[in-house]
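Just below is one structure, and these are the notes that go with it.
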Amino acid sequence: MRYKVAVVLGTRPEIIKMSPVIRELRRRKINYFVIHTGQHYSENMDTLFFKELDIAKPKYNLGAGGLPFNKQIGFMVNGIEKIFRKEVPYVCIVQGDTVSVIAGALAAKKLDIVVVHHEAGLRSHDITMPEEINRIITDHISELLCFPTKDALKNLQEEQFNPMLYRNTGNTVVDAVNQNLEIAKRKKAGLLESLKLEYKKYFLTTFHRAENVDKKERLKGIIDGLSKVADKHRDRMIVLPLHPRTKKKIKEFKLKMHKNIKIINPVGYLEFLILEEGAELILSDSGGIQEEASILKVPCVTLRDNTERPETLSAGMNVLAGTNPILIAKCAEQMLRKKIVWKNVFGYGKAAVKIIDAIEALMKKRRNVFAIFRWLFLSLRRNIVNIFSRR
Ligand code: UD1
Ligand code: UDP
């Protein structure tokens, strides 16, 4: 292929979900490069994932981590634009809904580079969330919308996107789980034992969303809810790999944790897959973890008032608890008792192949359109030359 592809990413979930796409670009020998905005930068939120997922260190790293939002987005757009001017890619792929995603899409759009949005069409219908704003704007400036589920398609239809723009690709979260679960089981076999956990006899929790952890009452609500769950199940540990944003806020608000909540540092993807698969129940406000819980067939309680993954709710694999402690405890009991019929709502693990197929088809179409215009131009010129030469 002659066209060049830019992959822009910046956070832990983007590295994970983009890894199957990067591997597929590499397999097809497509000319690509990766820009890391540096939004996530700690070893265990960033570098570790490139090593584990067998993808090369990005060609560029902007080092935008830790800046306040207004400075961060300007810094990223500026940095990405400079690189685009130098590299001149034809296509830019972004995934999800973070600041890095919107920055990549804006910089590409400005230079007339084709924006491809993986995980298009997700909507929480809560416009106060920065992620909702990012995904709506990114969808509206993309030329190829790779949507993962029927609910995402419905959102795109309701917003009257041109059907020529979107493709059903599934979500690379399934590819990533399929590609890494067996590796994780092999390489991290002793993990549960080393954490003194027993398979299916512990709960796993994570929370980091700004709307949850930046507000003391909501963060306290989650911690109190988890304490109620811990009190009810004294024979179960609740493992909490603590996100750096949450760590900072727990310290700032001086919040205390129940003794059965086991705090650990964020772990790599392979270890996290083992922790998820071995858990009896997951309680989280993460987007990606709601998806992985359903793929790994672990009941999930979502610590939010809404979700952009409603298919997990309607399939009965997930429930919304918000941050009210009583509701969190009630939802945990409900999901522990429930007989769940597991459904495959995020596709079958060929999303990366479908995304690159869709890009290749778009490039072919563009080349065809270009060829038609060239033919028209040349034949028009020939006719004009003929007319004048006859005179
Ligand atoms: C971001 C995304 C969120 C996504 C999450 C994935 C936005 C608006 N938010 O939230 O949608 O779900 O990533 O985890 O883009 N920090 C570190 N080391 C790191 C990363 C962060 O110490 O490697 C600390 C810094 O103090 C930083 C804070 O965490 O200021 C918040 O990081 P930031 O990237 O702004 O937001 P996240 O909460 O990670
Ligand atoms: N994850 C991980 N280590 C951890 C916690 C999460 O590897 O300690 C992975 C998890 O498997 C999922 C992704 O990180 O693929 C989710 O990231 P996060 O919750 O930070 O972001 P979100 O999906 O909410 O945007």
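Ordering of the structure tokens sets the chain letters (A, B, ...), residue numbers begin anew at 1 in every chain, and ligands are numbered from 1 in the order given.
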
Please provide the set of residues having any atom within 10 Å of region 230-243 of chain A, restricted to only C-alpha atoms, with same-chain residues fewer than 3 positions apart removed, written as a VMD selection string. chain A and resid 44 to 45 195 to 198 200 to 209 224 to 227 246 to 248 258 to 267 272 275 279 to 284 329 333

Let me see if you get this right: every residue at most 10 Å from ligand 1, counting only C-alpha atoms and all ligand atoms, written as a count of residues only. 55

Please provide the set of residues having any atom within 12 Å of Met317 (chain A), restricted to only C-alpha atoms, with same-chain residues fewer than 3 positions apart removed, written as a PyMOL selection string. chain A and resi 281-282+290-302+309-314+320+331+334-336+338-345

Just checking: using only C-alpha atoms and all ligand atoms, which residue out of A:Tyr166, A:Phe84, A:Phe49, A:Tyr269 ends up closest to ligand 2? A:Tyr269

Which residue, A:Leu144, A:Met18, A:Leu380, A:Ile55, has the smallest gap to ligand 2 when you use only C-alpha atoms and all ligand atoms? A:Met18

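Note that DSSP on the backbone gives strand (DSSP E or B) to these residues of region 59-132 of chain A: Tyr60, Asn61, Val91, Cys92, Ile93, Val94, Gln95, Val114, Val115, Val116, His117 and His118 of chain A.
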
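Between Phe147 (chain A) and the residues A:Leu165, A:Ile359, A:Val34, A:Leu219, the shortest atom-to-atom distance, using only C-alpha atoms, involves A:Leu165.
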
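Of the listed residues A:Ile289, A:Lys154, A:Val385, A:Glu271, the one whose atoms come nearest to Leu181 (chain A) is A:Glu271, with distances taken using only C-alpha atoms.
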
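When CA of Leu9 (chain A) is paired with CA of Asp357 (chain A), their separation reads 20.5 Å.
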
Residue contacts of Tyr348 (chain A) (10 Å, only C-alpha atoms) excluding same-chain residues fewer than 3 positions away, as an mmCIF file with C-alpha atoms, in the first residue's frame:
data_model
loop_
_atom_site.group_PDB
_atom_site.id
_atom_site.type_symbol
_atom_site.label_atom_id
_atom_site.label_comp_id
_atom_site.auth_asym_id
_atom_site.auth_seq_id
_atom_site.Cartn_x
_atom_site.Cartn_y
_atom_site.Cartn_z
ATOM 1 C CA THR A 169 -16.309 -3.870 12.898
ATOM 2 C CA GLY A 170 -16.926 -5.085 16.439
ATOM 3 C CA ASN A 171 -14.547 -3.932 19.143
ATOM 4 C CA THR A 172 -10.830 -4.743 19.332
ATOM 5 C CA VAL A 173 -11.320 -5.322 23.064
ATOM 6 C CA VAL A 174 -12.361 -8.869 22.034
ATOM 7 C CA ASP A 175 -9.279 -9.282 19.813
ATOM 8 C CA ASN A 178 -8.505 -13.448 22.709
ATOM 9 C CA ILE A 295 -16.339 -11.249 27.468
ATOM 10 C CA ASN A 344 -21.390 -12.002 22.834
ATOM 11 C CA VAL A 345 -22.240 -8.344 22.248
ATOM 12 C CA ALA A 351 -12.274 -6.218 14.691
#

Can you tell me which residues surround region 86-90 of chain A at a distance of at most 12 Å, considering only C-alpha atoms, apart from same-chain residues fewer than 3 positions away, and format the answer as a compact mmCIF listing (two decimals) with C-alpha atoms, in the first residue's frame?
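Saved to around-v8.txt:
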# COMPACT_ATOMS: atom_id res chain seq x y z
CA MET A 1 0.00 0.00 0.00
CA ARG A 2 1.32 3.42 -0.86
CA TYR A 3 -0.68 5.49 1.63
CA LYS A 4 0.69 6.26 5.08
CA VAL A 5 -1.28 5.70 8.29
CA ALA A 6 -0.89 7.57 11.58
CA VAL A 7 -2.06 5.95 14.81
CA VAL A 8 -2.66 8.44 17.64
CA ILE A 30 1.25 -0.95 5.62
CA ASN A 31 3.39 2.15 6.06
CA TYR A 32 2.38 3.43 9.54
CA PHE A 33 3.74 5.30 12.52
CA VAL A 34 2.47 5.84 16.07
CA ILE A 35 2.15 9.12 17.96
CA LYS A 59 7.94 6.87 16.99
CA TYR A 60 6.84 10.09 18.71
CA GLY A 79 2.41 18.74 18.61
CA ILE A 80 0.41 16.28 16.49
CA GLU A 81 -0.05 18.85 13.72
CA LYS A 82 3.71 19.47 13.51
CA ILE A 83 4.35 15.75 13.15
CA ILE A 93 -6.77 6.25 13.33
CA ALA A 107 -5.19 17.94 14.11
CA ALA A 108 -5.92 15.46 11.29
CA LYS A 109 -9.11 17.20 10.20
CA LEU A 111 -4.84 19.10 7.53
CA ASP A 112 -7.49 17.21 5.54
CA ILE A 113 -6.23 13.81 6.69
CA VAL A 114 -8.89 11.06 6.70
CA VAL A 115 -10.00 10.47 10.32
CA VAL A 116 -10.95 6.89 11.23
CA GLU A 143 -14.72 9.92 7.51
CA ILE A 359 -9.64 1.54 5.47
CA GLU A 360 -8.28 -0.33 2.46
CA LEU A 362 -11.99 3.46 1.42
CA MET A 363 -8.55 4.02 -0.11
CA ARG A 366 -10.76 7.13 -3.36

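Distance check against ligand 2 using only C-alpha atoms and all ligand atoms: of A:Val77, A:Val91, A:Val177, A:Ile328, the minimum falls on A:Val177.
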
From CA of Val94 (chain A) to CA of Ile15 (chain A) the spacing works out at 10.7 Å

Residue among A:Lys29, A:Lys256, A:Arg135, A:His125 lying closest to ligand 2, counting only C-alpha atoms and all ligand atoms: A:Arg135

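Coordinates place CA of Ala332 (chain A) at a distance of 7.2 Å from CA of Val229 (chain A).
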